[in-house]
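Listing of data27.txt; format and content: compact mmCIF, N, CA, C and O atoms.
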```txt
# COMPACT_ATOMS: atom_id res chain seq x y z
N HIS S 237 0.85 -1.17 0.00
CA HIS S 237 0.00 0.00 0.00
C HIS S 237 0.90 1.23 0.00
O HIS S 237 1.63 1.48 0.95
N LYS S 238 0.81 2.03 -1.08
CA LYS S 238 1.65 3.22 -1.21
C LYS S 238 1.00 4.41 -0.53
O LYS S 238 -0.20 4.58 -0.53
N SER S 239 1.87 5.26 0.02
CA SER S 239 1.38 6.51 0.61
C SER S 239 1.01 7.48 -0.51
O SER S 239 1.36 7.29 -1.68
N GLY S 240 0.33 8.56 -0.14
CA GLY S 240 -0.03 9.58 -1.11
C GLY S 240 1.20 10.18 -1.78
O GLY S 240 1.20 10.44 -2.98
N GLY S 241 2.24 10.40 -1.00
CA GLY S 241 3.48 10.96 -1.55
C GLY S 241 4.12 10.04 -2.56
O GLY S 241 4.64 10.48 -3.58
N ASP S 242 4.09 8.74 -2.28
CA ASP S 242 4.64 7.77 -3.23
C ASP S 242 3.86 7.76 -4.53
O ASP S 242 4.43 7.67 -5.61
N ARG S 243 2.54 7.85 -4.42
CA ARG S 243 1.70 7.86 -5.62
C ARG S 243 1.96 9.11 -6.45
O ARG S 243 2.03 9.05 -7.68
N VAL S 244 2.12 10.25 -5.80
CA VAL S 244 2.42 11.50 -6.51
C VAL S 244 3.77 11.37 -7.21
O VAL S 244 3.90 11.70 -8.39
N ARG S 245 4.76 10.90 -6.48
CA ARG S 245 6.10 10.73 -7.08
C ARG S 245 6.03 9.81 -8.29
O ARG S 245 6.56 10.11 -9.35
N ASP S 246 5.35 8.68 -8.14
CA ASP S 246 5.27 7.72 -9.24
C ASP S 246 4.55 8.30 -10.45
O ASP S 246 4.95 8.07 -11.59
N LEU S 247 3.50 9.07 -10.22
CA LEU S 247 2.78 9.71 -11.32
C LEU S 247 3.67 10.73 -12.02
O LEU S 247 3.71 10.79 -13.25
N LEU S 248 4.40 11.52 -11.25
CA LEU S 248 5.30 12.51 -11.85
C LEU S 248 6.42 11.84 -12.64
O LEU S 248 6.79 12.31 -13.72
N ILE S 249 6.95 10.73 -12.14
CA ILE S 249 7.98 9.99 -12.88
C ILE S 249 7.40 9.46 -14.19
O ILE S 249 8.03 9.56 -15.25
N GLU S 250 6.20 8.93 -14.13
CA GLU S 250 5.55 8.42 -15.34
C GLU S 250 5.38 9.53 -16.37
O GLU S 250 5.67 9.36 -17.54
N ARG S 251 4.93 10.70 -15.91
CA ARG S 251 4.74 11.83 -16.83
C ARG S 251 6.08 12.32 -17.37
O ARG S 251 6.18 12.68 -18.55
N LEU S 252 7.11 12.32 -16.55
CA LEU S 252 8.46 12.70 -16.99
C LEU S 252 8.89 11.80 -18.15
O LEU S 252 9.47 12.26 -19.13
N GLN S 253 8.59 10.52 -18.04
CA GLN S 253 9.02 9.56 -19.05
C GLN S 253 8.15 9.61 -20.31
O GLN S 253 8.65 9.33 -21.40
N LEU S 254 6.88 9.97 -20.18
CA LEU S 254 5.96 9.86 -21.31
C LEU S 254 5.63 11.18 -21.99
O LEU S 254 5.23 11.17 -23.16
N ASP S 255 5.77 12.28 -21.32
CA ASP S 255 5.36 13.58 -21.86
C ASP S 255 6.59 14.39 -22.25
O ASP S 255 7.05 15.26 -21.50
N ALA S 256 7.10 14.13 -23.43
CA ALA S 256 8.35 14.75 -23.88
C ALA S 256 8.27 16.27 -23.95
O ALA S 256 9.29 16.95 -23.81
N ASP S 257 7.08 16.82 -24.13
CA ASP S 257 6.94 18.27 -24.25
C ASP S 257 7.00 19.00 -22.91
O ASP S 257 7.11 20.22 -22.89
N ASN S 258 6.90 18.26 -21.82
CA ASN S 258 6.84 18.89 -20.49
C ASN S 258 7.81 18.28 -19.48
O ASN S 258 7.55 18.31 -18.29
N ARG S 259 8.92 17.77 -19.96
CA ARG S 259 9.86 17.10 -19.04
C ARG S 259 10.38 18.05 -17.97
O ARG S 259 10.55 17.66 -16.82
N GLY S 260 10.67 19.27 -18.35
CA GLY S 260 11.17 20.24 -17.38
C GLY S 260 10.16 20.51 -16.27
O GLY S 260 10.53 20.61 -15.10
N LEU S 261 8.90 20.62 -16.63
CA LEU S 261 7.85 20.83 -15.64
C LEU S 261 7.82 19.68 -14.64
O LEU S 261 7.82 19.91 -13.42
N TYR S 262 7.83 18.45 -15.13
CA TYR S 262 7.74 17.30 -14.22
C TYR S 262 9.02 17.14 -13.40
O TYR S 262 8.96 16.74 -12.24
N ALA S 263 10.16 17.49 -13.97
CA ALA S 263 11.40 17.44 -13.19
C ALA S 263 11.33 18.44 -12.04
O ALA S 263 11.69 18.12 -10.90
N GLY S 264 10.85 19.64 -12.32
CA GLY S 264 10.72 20.65 -11.27
C GLY S 264 9.74 20.23 -10.19
O GLY S 264 9.98 20.45 -8.99
N LEU S 265 8.64 19.61 -10.58
CA LEU S 265 7.67 19.13 -9.60
C LEU S 265 8.26 18.00 -8.75
O LEU S 265 8.02 17.94 -7.54
N LEU S 266 9.05 17.13 -9.37
CA LEU S 266 9.71 16.07 -8.60
C LEU S 266 10.67 16.67 -7.59
O LEU S 266 10.77 16.18 -6.46
N ALA S 267 11.38 17.72 -7.97
CA ALA S 267 12.27 18.38 -7.02
C ALA S 267 11.47 18.96 -5.86
O ALA S 267 11.87 18.86 -4.70
N ASP S 268 10.32 19.54 -6.17
CA ASP S 268 9.47 20.12 -5.13
C ASP S 268 8.95 19.05 -4.16
O ASP S 268 8.83 19.30 -2.97
N VAL S 269 8.63 17.87 -4.70
CA VAL S 269 8.15 16.77 -3.85
C VAL S 269 9.26 16.35 -2.88
O VAL S 269 9.00 16.00 -1.74
N GLY S 270 10.51 16.43 -3.34
CA GLY S 270 11.66 16.20 -2.46
C GLY S 270 11.96 14.75 -2.14
O GLY S 270 12.62 14.48 -1.14
N ASP S 271 11.52 13.82 -2.96
CA ASP S 271 11.74 12.39 -2.70
C ASP S 271 12.95 11.90 -3.51
O ASP S 271 12.88 11.81 -4.74
N PRO S 272 14.04 11.54 -2.83
CA PRO S 272 15.23 11.07 -3.54
C PRO S 272 15.00 9.80 -4.36
O PRO S 272 15.81 9.45 -5.21
N GLU S 273 13.88 9.12 -4.12
CA GLU S 273 13.55 7.94 -4.93
C GLU S 273 13.39 8.31 -6.41
O GLU S 273 13.46 7.45 -7.27
N ALA S 274 13.19 9.58 -6.70
CA ALA S 274 13.02 10.03 -8.08
C ALA S 274 14.36 10.20 -8.80
O ALA S 274 14.38 10.39 -10.02
N LEU S 275 15.47 10.11 -8.08
CA LEU S 275 16.77 10.37 -8.70
C LEU S 275 17.06 9.44 -9.87
O LEU S 275 17.58 9.88 -10.90
N GLU S 276 16.74 8.18 -9.76
CA GLU S 276 17.04 7.22 -10.84
C GLU S 276 16.33 7.65 -12.13
O GLU S 276 16.94 7.65 -13.21
N ALA S 277 15.07 8.00 -12.03
CA ALA S 277 14.31 8.42 -13.22
C ALA S 277 14.86 9.74 -13.77
O ALA S 277 14.94 9.91 -15.00
N LEU S 278 15.24 10.66 -12.90
CA LEU S 278 15.80 11.93 -13.36
C LEU S 278 17.15 11.72 -14.03
O LEU S 278 17.44 12.35 -15.06
N LYS S 279 17.96 10.83 -13.49
CA LYS S 279 19.26 10.54 -14.11
C LYS S 279 19.07 9.91 -15.49
O LYS S 279 19.81 10.22 -16.42
N ALA S 280 18.06 9.05 -15.62
CA ALA S 280 17.78 8.45 -16.93
C ALA S 280 17.31 9.53 -17.90
O ALA S 280 17.72 9.55 -19.07
N ALA S 281 16.48 10.45 -17.44
CA ALA S 281 15.98 11.53 -18.30
C ALA S 281 17.12 12.44 -18.74
O ALA S 281 17.11 12.95 -19.87
N GLU S 282 18.08 12.64 -17.87
CA GLU S 282 19.22 13.50 -18.20
C GLU S 282 19.99 12.95 -19.41
O GLU S 282 20.61 13.71 -20.15
N GLN S 283 19.93 11.65 -19.64
CA GLN S 283 20.67 11.01 -20.72
C GLN S 283 19.92 11.02 -22.06
O GLN S 283 20.50 10.66 -23.08
N LEU S 284 18.65 11.39 -22.06
CA LEU S 284 17.87 11.35 -23.30
C LEU S 284 18.48 12.25 -24.36
O LEU S 284 18.91 13.36 -24.08
N THR S 285 18.51 11.74 -25.57
CA THR S 285 19.14 12.50 -26.65
C THR S 285 18.21 13.51 -27.29
O THR S 285 18.66 14.38 -28.03
N ASP S 286 16.89 13.43 -27.00
CA ASP S 286 15.96 14.36 -27.61
C ASP S 286 15.54 15.49 -26.66
O ASP S 286 14.56 16.18 -26.91
N LEU S 287 16.30 15.70 -25.61
CA LEU S 287 16.01 16.78 -24.66
C LEU S 287 16.27 18.13 -25.28
O LEU S 287 17.24 18.31 -26.02
N ASN S 288 15.43 19.11 -24.95
CA ASN S 288 15.80 20.48 -25.29
C ASN S 288 16.60 21.04 -24.11
O ASN S 288 16.62 20.48 -23.02
N TYR S 289 17.25 22.15 -24.35
CA TYR S 289 18.17 22.68 -23.35
C TYR S 289 17.49 23.10 -22.06
O TYR S 289 18.00 22.82 -20.97
N LEU S 290 16.33 23.74 -22.15
CA LEU S 290 15.67 24.20 -20.93
C LEU S 290 15.19 23.03 -20.08
O LEU S 290 15.30 23.07 -18.85
N ASP S 291 14.66 21.97 -20.70
CA ASP S 291 14.27 20.78 -19.94
C ASP S 291 15.50 20.15 -19.29
O ASP S 291 15.46 19.70 -18.15
N TYR S 292 16.60 20.11 -20.04
CA TYR S 292 17.85 19.57 -19.52
C TYR S 292 18.28 20.32 -18.25
O TYR S 292 18.65 19.70 -17.24
N LEU S 293 18.19 21.64 -18.29
CA LEU S 293 18.56 22.43 -17.10
C LEU S 293 17.66 22.11 -15.92
O LEU S 293 18.14 21.98 -14.78
N GLU S 294 16.35 21.99 -16.16
CA GLU S 294 15.41 21.65 -15.08
C GLU S 294 15.72 20.28 -14.50
O GLU S 294 15.65 20.09 -13.28
N ILE S 295 16.03 19.33 -15.35
CA ILE S 295 16.35 17.98 -14.88
C ILE S 295 17.63 18.01 -14.03
O ILE S 295 17.68 17.43 -12.96
N ARG S 296 18.65 18.71 -14.50
CA ARG S 296 19.90 18.82 -13.73
C ARG S 296 19.65 19.49 -12.38
O ARG S 296 20.18 19.06 -11.36
N ASN S 297 18.85 20.55 -12.37
CA ASN S 297 18.55 21.24 -11.12
C ASN S 297 17.81 20.31 -10.16
O ASN S 297 18.08 20.31 -8.95
N ALA S 298 16.86 19.53 -10.69
CA ALA S 298 16.11 18.60 -9.84
C ALA S 298 17.04 17.55 -9.24
O ALA S 298 16.92 17.22 -8.06
N ILE S 299 17.97 17.05 -10.03
CA ILE S 299 18.93 16.07 -9.53
C ILE S 299 19.72 16.66 -8.37
O ILE S 299 19.88 16.03 -7.32
N GLU S 300 20.20 17.88 -8.55
CA GLU S 300 20.97 18.53 -7.49
C GLU S 300 20.12 18.79 -6.25
O GLU S 300 20.57 18.59 -5.12
N MET S 301 18.87 19.22 -6.44
CA MET S 301 18.00 19.53 -5.31
C MET S 301 17.68 18.28 -4.49
O MET S 301 17.45 18.36 -3.29
N LEU S 302 17.70 17.12 -5.15
CA LEU S 302 17.41 15.87 -4.44
C LEU S 302 18.68 15.21 -3.91
O LEU S 302 18.64 14.09 -3.42
N GLY S 303 19.81 15.91 -4.01
CA GLY S 303 21.05 15.41 -3.43
C GLY S 303 21.90 14.58 -4.37
O GLY S 303 22.90 13.99 -3.96
N GLY S 304 21.54 14.52 -5.64
CA GLY S 304 22.31 13.74 -6.60
C GLY S 304 23.35 14.59 -7.30
O GLY S 304 23.40 15.81 -7.14
N GLU S 305 24.17 13.92 -8.07
CA GLU S 305 25.21 14.58 -8.85
C GLU S 305 24.86 14.46 -10.34
O GLU S 305 24.83 13.35 -10.87
N PRO S 306 24.61 15.58 -11.02
CA PRO S 306 24.35 15.50 -12.46
C PRO S 306 25.60 15.05 -13.20
O PRO S 306 26.72 15.18 -12.70
N ASP S 307 25.39 14.52 -14.39
CA ASP S 307 26.52 14.14 -15.24
C ASP S 307 27.24 15.40 -15.72
O ASP S 307 26.77 16.51 -15.51
N ALA S 308 28.36 15.18 -16.40
CA ALA S 308 29.10 16.31 -16.96
C ALA S 308 28.18 17.09 -17.90
O ALA S 308 27.37 16.49 -18.60
N PRO S 309 28.30 18.41 -17.92
CA PRO S 309 27.45 19.22 -18.80
C PRO S 309 27.58 18.81 -20.26
O PRO S 309 28.64 18.38 -20.71
N ARG S 310 26.48 18.94 -20.97
CA ARG S 310 26.44 18.65 -22.40
C ARG S 310 26.27 19.96 -23.16
O ARG S 310 25.84 20.96 -22.61
N GLU S 311 26.59 19.91 -24.45
CA GLU S 311 26.34 21.05 -25.32
C GLU S 311 25.07 20.79 -26.11
O GLU S 311 24.73 19.64 -26.39
N PHE S 312 24.37 21.83 -26.43
CA PHE S 312 23.11 21.75 -27.17
C PHE S 312 23.17 22.66 -28.38
O PHE S 312 22.26 23.44 -28.63
N ASN S 313 24.26 22.54 -29.14
CA ASN S 313 24.41 23.37 -30.34
C ASN S 313 23.18 23.21 -31.22
O ASN S 313 22.71 22.11 -31.46
N GLY S 314 22.65 24.35 -31.66
CA GLY S 314 21.48 24.34 -32.52
C GLY S 314 20.18 24.54 -31.76
O GLY S 314 19.17 24.89 -32.35
N ASP S 315 20.17 24.30 -30.44
CA ASP S 315 18.97 24.53 -29.64
C ASP S 315 18.84 26.04 -29.44
O ASP S 315 19.77 26.69 -28.98
N PRO S 316 17.70 26.63 -29.82
CA PRO S 316 17.56 28.09 -29.75
C PRO S 316 17.83 28.68 -28.36
O PRO S 316 18.49 29.72 -28.26
N ALA S 317 17.33 28.05 -27.32
CA ALA S 317 17.57 28.58 -25.97
C ALA S 317 19.05 28.48 -25.60
O ALA S 317 19.61 29.41 -25.01
N TYR S 318 19.68 27.38 -25.94
CA TYR S 318 21.11 27.21 -25.66
C TYR S 318 21.93 28.27 -26.38
O TYR S 318 22.80 28.91 -25.78
N GLU S 319 21.63 28.48 -27.67
CA GLU S 319 22.38 29.47 -28.44
C GLU S 319 22.17 30.88 -27.88
O GLU S 319 23.10 31.66 -27.80
N ALA S 320 20.94 31.20 -27.47
CA ALA S 320 20.66 32.53 -26.92
C ALA S 320 21.42 32.76 -25.62
O ALA S 320 22.00 33.83 -25.44
N ILE S 321 21.44 31.77 -24.75
CA ILE S 321 22.14 31.90 -23.46
C ILE S 321 23.65 31.93 -23.68
O ILE S 321 24.37 32.72 -23.08
N ARG S 322 24.13 31.07 -24.57
CA ARG S 322 25.58 30.99 -24.83
C ARG S 322 26.10 32.29 -25.41
O ARG S 322 27.24 32.67 -25.15
N ASN S 323 25.27 32.99 -26.17
CA ASN S 323 25.73 34.21 -26.83
C ASN S 323 25.54 35.47 -25.99
O ASN S 323 25.78 36.56 -26.47
N LEU S 324 25.12 35.32 -24.74
CA LEU S 324 24.97 36.50 -23.88
C LEU S 324 26.30 37.10 -23.51
O LEU S 324 27.26 36.48 -23.33
```
Represent the structure of the file as structure tokens.
Amino acid sequence: HKSGGDRVRDLLIERLQLDADNRGLYAGLLADVGDPEALEALKAAEQLTDLNYLDYLEIRNAIEMLGGEPDAPREFNGDPAYEAIRNL
């Protein structure tokens, strides 16, 4: 029998994995929930090759907020947000 918090975490992880257009949103919500059990899913999401830069940043921030260590930074050449930030 899962607690309410476990059910929320599991739902957010599911949405992180299935809703490619809103990964950053779900990563941020997982960080807010504060359950380190979400780290494995966030680390897997960090490796996705179809991430946009802003979602990538949210996922990395969520990993750090939950006490994990993000992987080495990646480049997102061609991503409009990445190029805009890089050129500041």
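Of the residues under consideration (S:Leu290, S:Leu302, S:Glu250, S:Asp255), S:Leu302 shows the shortest atom-to-atom contact distance to Glu273 (chain S) when counting only N, CA, C and O atoms.
Reported to one decimal place, the separation of CA of Asp291 (chain S) from CA of Leu261 (chain S) is 7.7 Å.
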With distances taken over all atoms listed in the file, which residue among S:Ala298, S:Tyr289, S:Ile249, S:Pro309 lies nearest Gly264 (chain S)? S:Ala298
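In this model, the gap between CA of Pro272 (chain S) and CA of Ser239 (chain S) comes to 15.2 Å.
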Quick one: everything within 10 Å of Arg310 (chain S), counting only C-alpha atoms, minus sequence neighbours fewer than 4 positions away in the same chain. Send it as a count of residues only. 4
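Among S:Ala280, S:Gly260, S:Leu287, S:Ile295, the residue with the shortest atom-to-atom distance to Phe312 (chain S), counting all atoms listed in the file, is S:Leu287.
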Check the DSSP output for the backbone and give back, as a ChimeraX atom specification, the residues of chain S in alpha helix (DSSP H). /S:240-254,259-269,275-282,289-301,316-322
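Put simply, CA of Gly241 (chain S) is 20.8 Å away from CA of Asn258 (chain S).
Ranking S:Lys238, S:Leu248, S:Pro306, S:Ala320 by their shortest atom-to-atom distance to Leu266 (chain S), with only N, CA, C and O atoms included, puts S:Leu248 first.
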Would you mind telling me which residue in S:Ile321, S:Leu247, S:Ala267, S:Asp242 lies nearest to Glu300 (chain S) when using all atoms listed in the file? S:Ala267
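For the set S:Leu284, S:Met301, S:Ala308, S:Leu254, the residue with the smallest atom-to-atom gap to Gly270 (chain S) is S:Met301, counting only N, CA, C and O atoms.
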Axis-aligned box for region 290-299 of chain S, 3 Å per side, centre and edges in Å as lines of an AutoDock Vina configuration file:
```
center_x = 17.2
center_y = 20.1
center_z = -14.7
size_x = 11.9
size_y = 14.2
size_z = 20.8
```
